[in-house]
$ cat query.cif   # mmCIF, C-alpha atoms and all ligand atoms
data_model
#
loop_
_atom_site.label_atom_id
_atom_site.label_comp_id
_atom_site.auth_asym_id
_atom_site.auth_seq_id
_atom_site.Cartn_x
_atom_site.Cartn_y
_atom_site.Cartn_z
CA MET A 1 83.17 100.83 114.89
CA LYS A 2 83.74 102.71 111.63
CA ASN A 3 80.82 102.90 109.18
CA ILE A 4 81.74 102.20 105.57
CA VAL A 5 79.55 102.92 102.54
CA ILE A 6 80.65 101.23 99.31
CA LEU A 7 79.68 102.62 95.90
CA ILE A 8 79.59 100.33 92.87
CA SER A 9 78.46 100.45 89.24
CA GLY A 10 78.90 96.87 88.07
CA ARG A 11 80.07 93.42 89.09
CA GLY A 12 81.46 94.63 92.42
CA SER A 13 84.31 92.16 92.83
CA ASN A 14 86.32 94.69 94.86
CA MET A 15 83.27 95.28 97.06
CA GLN A 16 83.07 91.50 97.61
CA ALA A 17 86.75 91.32 98.54
CA ILE A 18 86.29 94.16 101.04
CA VAL A 19 83.20 92.54 102.60
CA GLU A 20 84.88 89.14 102.75
CA ALA A 21 87.98 90.61 104.38
CA ASP A 22 85.76 91.14 107.45
CA ILE A 23 87.86 94.08 108.61
CA SER A 24 87.96 94.37 112.36
CA GLY A 25 86.38 97.62 113.56
CA ALA A 26 84.56 98.17 110.25
CA HIS A 27 80.82 97.96 109.63
CA ILE A 28 79.60 97.89 106.02
CA ALA A 29 76.66 100.24 106.46
CA ALA A 30 75.45 100.12 102.84
CA VAL A 31 76.30 99.22 99.27
CA ILE A 32 74.97 101.82 96.84
CA ALA A 33 74.87 101.57 93.04
CA ASN A 34 74.16 104.18 90.38
CA ARG A 35 72.79 101.47 88.09
CA PRO A 36 69.79 99.30 89.01
CA ASP A 37 71.35 96.37 87.11
CA ALA A 38 74.71 96.44 88.91
CA ALA A 39 75.44 92.74 89.47
CA GLY A 40 77.19 93.43 92.76
CA LEU A 41 73.89 94.50 94.32
CA THR A 42 72.49 90.97 94.12
CA TRP A 43 75.59 89.58 95.82
CA ALA A 44 75.45 92.23 98.57
CA ALA A 45 71.73 91.72 99.22
CA ALA A 46 72.17 87.93 99.37
CA ARG A 47 74.89 88.55 101.92
CA GLY A 48 72.38 90.46 104.08
CA LEU A 49 73.92 93.87 103.44
CA THR A 50 71.82 97.00 103.08
CA THR A 51 71.65 98.01 99.42
CA ALA A 52 70.32 101.07 97.64
CA VAL A 53 70.16 102.38 94.07
CA LEU A 54 70.28 105.94 92.84
CA ASP A 55 69.94 105.83 89.07
CA HIS A 56 72.04 108.62 87.57
CA LYS A 57 69.94 108.47 84.38
CA LEU A 58 67.08 110.10 86.27
CA PHE A 59 69.15 113.26 86.69
CA SER A 60 70.02 115.73 83.93
CA GLN A 61 72.74 117.51 85.91
CA ARG A 62 75.81 115.90 87.46
CA GLU A 63 75.65 118.26 90.45
CA THR A 64 72.03 117.36 91.25
CA PHE A 65 72.78 113.64 91.13
CA ASP A 66 75.86 114.08 93.30
CA ALA A 67 73.90 116.11 95.87
CA GLU A 68 71.20 113.40 96.08
CA LEU A 69 73.87 110.72 96.29
CA ALA A 70 75.57 112.54 99.16
CA LYS A 71 72.22 112.75 100.99
CA LEU A 72 71.71 109.01 100.55
CA ILE A 73 75.26 108.20 101.66
CA ASP A 74 75.06 110.50 104.69
CA HIS A 75 71.95 108.71 105.86
CA TYR A 76 74.34 105.87 106.78
CA GLN A 77 76.70 108.21 108.68
CA PRO A 78 79.87 107.02 106.98
CA ASP A 79 83.34 107.39 108.42
CA LEU A 80 84.61 106.20 105.04
CA VAL A 81 83.14 106.09 101.54
CA VAL A 82 84.73 103.53 99.22
CA LEU A 83 84.51 103.75 95.44
CA ALA A 84 84.72 100.20 94.11
CA GLY A 85 84.31 100.33 90.36
CA PHE A 86 82.02 103.36 90.66
CA MET A 87 82.06 104.63 87.09
CA ARG A 88 81.11 108.25 87.63
CA ILE A 89 83.11 111.44 87.58
CA LEU A 90 82.37 113.20 90.84
CA SER A 91 81.79 116.94 91.19
CA ALA A 92 84.09 119.15 93.24
CA ASP A 93 81.41 119.74 95.90
CA PHE A 94 81.00 116.00 96.39
CA THR A 95 84.75 115.34 96.73
CA ARG A 96 85.10 118.31 99.11
CA HIS A 97 82.27 117.02 101.29
CA TYR A 98 84.09 113.67 101.73
CA ALA A 99 87.64 115.03 101.82
CA GLY A 100 89.91 112.64 103.72
CA ARG A 101 87.24 109.91 103.89
CA LEU A 102 86.77 108.95 100.25
CA LEU A 103 88.93 106.21 98.70
CA ASN A 104 89.15 104.89 95.14
CA ILE A 105 91.01 102.06 93.46
CA HIS A 106 92.35 102.70 89.98
CA PRO A 107 93.80 100.00 87.71
CA SER A 108 97.14 101.65 86.92
CA LEU A 109 100.24 102.81 88.69
CA LEU A 110 99.17 106.42 89.16
CA PRO A 111 100.03 109.07 88.17
CA ALA A 112 100.46 107.12 84.91
CA PHE A 113 97.33 106.28 82.94
CA THR A 114 94.53 108.17 84.61
CA GLY A 115 91.11 107.62 83.02
CA LEU A 116 89.99 104.62 80.98
CA HIS A 117 91.65 101.74 79.04
CA THR A 118 94.59 101.69 81.44
CA HIS A 119 95.74 98.13 80.67
CA GLN A 120 95.81 98.56 76.89
CA ARG A 121 97.61 101.87 77.26
CA ALA A 122 100.27 100.29 79.51
CA ILE A 123 100.77 97.51 76.92
CA ASP A 124 100.88 100.01 74.03
CA MET A 125 103.54 102.05 75.81
CA GLY A 126 105.68 98.94 76.31
CA CYS A 127 105.56 99.21 80.11
CA LYS A 128 107.42 96.40 81.85
CA VAL A 129 105.29 96.77 84.99
CA ALA A 130 101.68 97.75 85.56
CA GLY A 131 99.41 97.63 88.57
CA CYS A 132 96.81 99.34 90.71
CA THR A 133 96.61 102.27 93.09
CA VAL A 134 94.42 103.04 96.10
CA HIS A 135 94.16 106.79 96.61
CA PHE A 136 92.16 109.40 98.41
CA VAL A 137 89.78 111.14 96.02
CA THR A 138 90.08 114.83 95.27
CA ALA A 139 88.35 116.99 92.66
CA GLU A 140 90.94 116.09 90.02
CA LEU A 141 90.13 112.73 88.38
CA ASP A 142 92.42 109.87 89.53
CA HIS A 143 94.63 112.21 91.51
CA GLY A 144 94.75 112.63 95.25
CA PRO A 145 97.11 111.25 97.89
CA ILE A 146 98.30 107.72 97.09
CA VAL A 147 97.67 105.18 99.85
CA ALA A 148 98.96 101.94 98.36
CA GLN A 149 100.12 100.44 95.08
CA GLY A 150 100.44 96.91 93.74
CA VAL A 151 102.71 95.94 90.87
CA VAL A 152 102.66 93.10 88.32
CA SER A 153 105.06 92.51 85.46
CA VAL A 154 103.76 92.86 81.91
CA GLN A 155 104.41 89.80 79.74
CA ASP A 156 105.09 89.92 76.01
CA ASP A 157 101.94 87.91 75.30
CA ASP A 158 99.68 89.96 77.57
CA ASN A 159 96.56 91.54 76.18
CA ALA A 160 94.30 93.99 78.02
CA ASP A 161 92.15 91.15 79.42
CA SER A 162 94.98 88.99 80.73
CA LEU A 163 96.71 91.96 82.32
CA ALA A 164 93.42 93.22 83.80
CA SER A 165 92.68 89.87 85.38
CA ARG A 166 96.14 89.65 87.06
CA ILE A 167 95.83 93.22 88.31
CA LEU A 168 92.27 92.58 89.56
CA LYS A 169 93.54 89.76 91.78
CA LEU A 170 96.00 92.22 93.26
CA GLU A 171 93.25 94.84 93.71
CA HIS A 172 91.35 92.32 95.82
CA GLN A 173 94.31 92.14 98.22
CA LEU A 174 95.35 95.76 98.13
CA TYR A 175 91.99 97.47 98.70
CA PRO A 176 90.99 95.60 101.89
CA ALA A 177 94.54 96.10 103.24
CA ALA A 178 94.35 99.85 102.61
CA ILE A 179 90.89 100.07 104.21
CA ARG A 180 92.17 98.12 107.20
CA ARG A 181 94.83 100.81 107.65
CA PHE A 182 92.23 103.59 107.35
CA VAL A 183 90.02 101.93 109.95
CA ALA A 184 93.01 101.52 112.27
CA GLY A 185 93.65 105.27 111.95
CA GLU A 186 96.99 104.69 110.24
CA LEU A 187 96.49 106.87 107.17
CA ASN A 188 97.76 110.36 107.77
CA ILE A 189 97.87 112.90 104.97
CA VAL A 190 100.78 115.27 105.48
CA ALA A 191 101.51 117.92 102.86
CA GLY A 192 99.30 116.12 100.36
CA LYS A 193 100.96 112.73 100.85
CA VAL A 194 100.12 109.62 102.87
CA ALA A 195 103.03 108.50 105.04
CA SER A 196 103.98 104.86 104.45
CA GLY A 197 103.47 104.09 108.13
CA LYS A 198 106.38 101.66 108.20
CA GLN A 199 108.40 101.73 111.42
CA THR A 200 111.53 100.44 109.74
CA PRO A 201 112.64 101.46 106.27
CA SER A 202 111.99 98.81 103.67
CA GLU A 203 112.98 99.03 100.05
CA LEU A 204 111.51 97.24 97.09
CA MET A 205 113.94 97.14 94.21
CA VAL A 206 113.09 94.65 91.49
CA PRO A 207 114.68 94.98 88.08
CA VAL A 208 112.25 93.90 85.39
CA LEU A 209 114.26 93.13 82.25
C1 LIG B 301 88.41 97.62 88.85
O1 LIG B 301 89.38 97.26 87.91
C2 LIG B 301 88.77 98.91 89.50
O2 LIG B 301 90.14 99.14 89.60
C3 LIG B 301 88.18 99.93 88.55
O3 LIG B 301 86.98 99.35 88.09
C4 LIG B 301 87.07 97.92 88.20
C5 LIG B 301 85.91 97.50 89.04
O4 LIG B 301 85.77 96.12 89.12
N1 LIG B 301 88.01 101.20 89.20
P1 LIG B 301 84.76 95.50 90.19
O5 LIG B 301 83.40 96.10 89.90
O6 LIG B 301 85.25 95.83 91.55
O7 LIG B 301 84.77 94.03 89.91
#

$ encode --input "query.cif" --output "structure tokens"
Amino acid sequence: MKNIVILISGRGSNMQAIVEADISGAHIAAVIANRPDAAGLTWAAARGLTTAVLDHKLFSQRETFDAELAKLIDHYQPDLVVLAGFMRILSADFTRHYAGRLLNIHPSLLPAFTGLHTHQRAIDMGCKVAGCTVHFVTAELDHGPIVAQGVVSVQDDDNADSLASRILKLEHQLYPAAIRRFVAGELNIVAGKVASGKQTPSELMVPVL
């Protein structure tokens, strides 16, 4: 059984999708939030999951908060730590400590549009496709070996909200699927990249005009 600790900051819809996926061989050891009012905490507690809060506002230094957070996480002996809408930049020490066992989902097709406002930026750039990326976390924000990506087309009448809501639906499929592969021991990082793991070559070629 692999212990998973999920970190959230807000509504936690990705956390819910991961819990509901009921991944074989995975045990959700705890859901931890950096905000006491994170709505996802109520859902997780009602579901009988262990929850905890470490309020980042009580810390003046990022490094001190991260060190306390790591202590709290390690109490649950995680094989994997999952960032699910965890809105904090993490210090290099923290990412090093969890190297190879820390995943994030980002709402863009990385390496395009790291950071915030990804949907509006994709629309503003006239992108014909947008999407989401699951990646291992390294010290550099929204970088790190890519595990999986999901793609949607961008419509002429899309705004940031409509695009975000289509991509979010995809996130809810992609993240549990990526975690399932991690738990099954299928994610190998070789030379900074995750191998696709496919036995037979498959190609996805979709013109979007
Ligand atoms: C998602 O769009 C995720 O990609 C981003 O933050 C959002 C979190 O949403 N990192 P939720 O809290 O999982 O509903």

$ residues_near_ligand --input "query.cif" --ligand "ligand LIG 301 (chain B)" --cutoff "6 Å" --atoms "all atoms listed in the file" --output "ChimeraX atom specification"
/A:10-15,84-85,105-107,168

$ closest_residue --input "query.cif" --among "A:Ile123, A:Ile167, A:Ala160, A:Ala52" --to "Gly40 of chain A" --atoms "only C-alpha atoms"
A:Ala52

$ residues_around --input "query.cif" --residues "segment 132-137 of chain A" --least-positions-apart "6" --cutoff "7 Å" --atoms "only C-alpha atoms" --output "number ranges by chain"
A: 95, 100, 102-110, 143-151, 167, 171, 175

$ closest_residue --input "query.cif" --among "A:Ile179, A:Ala191, A:Ala45, A:Met125" --to "His27 of chain A" --atoms "all atoms listed in the file"
A:Ile179

$ atom_distance --input "query.cif" --atom1 "atom CA of Asp157 of chain A" --atom2 "atom CA of Gly131 of chain A"
16.6 Å

$ atom_distance --input "query.cif" --atom1 "atom CA of Cys127 of chain A" --atom2 "atom CA of Met205 of chain A"
16.5 Å

$ residues_around --input "query.cif" --residues "Met87 of chain A" --least-positions-apart "5" --cutoff "9 Å" --atoms "all atoms listed in the file" --output "PyMOL selection string"
chain A and resi 8-10+34

$ residues_around --input "query.cif" --residues "Asp93 of chain A" --least-positions-apart "6" --cutoff "9 Å" --atoms "all atoms listed in the file" --output "PyMOL selection string"
chain A and resi 63+66-67+139

$ residues_around --input "query.cif" --residues "Leu80 of chain A" --least-positions-apart "6" --cutoff "8 Å" --atoms "only C-alpha atoms" --output "PyMOL selection string"
chain A and resi 2-5+101-103

$ closest_residue --input "query.cif" --among "A:Val183, A:Val82, A:Val208, A:Ile18" --to "Ala33 of chain A" --atoms "only C-alpha atoms"
A:Val82
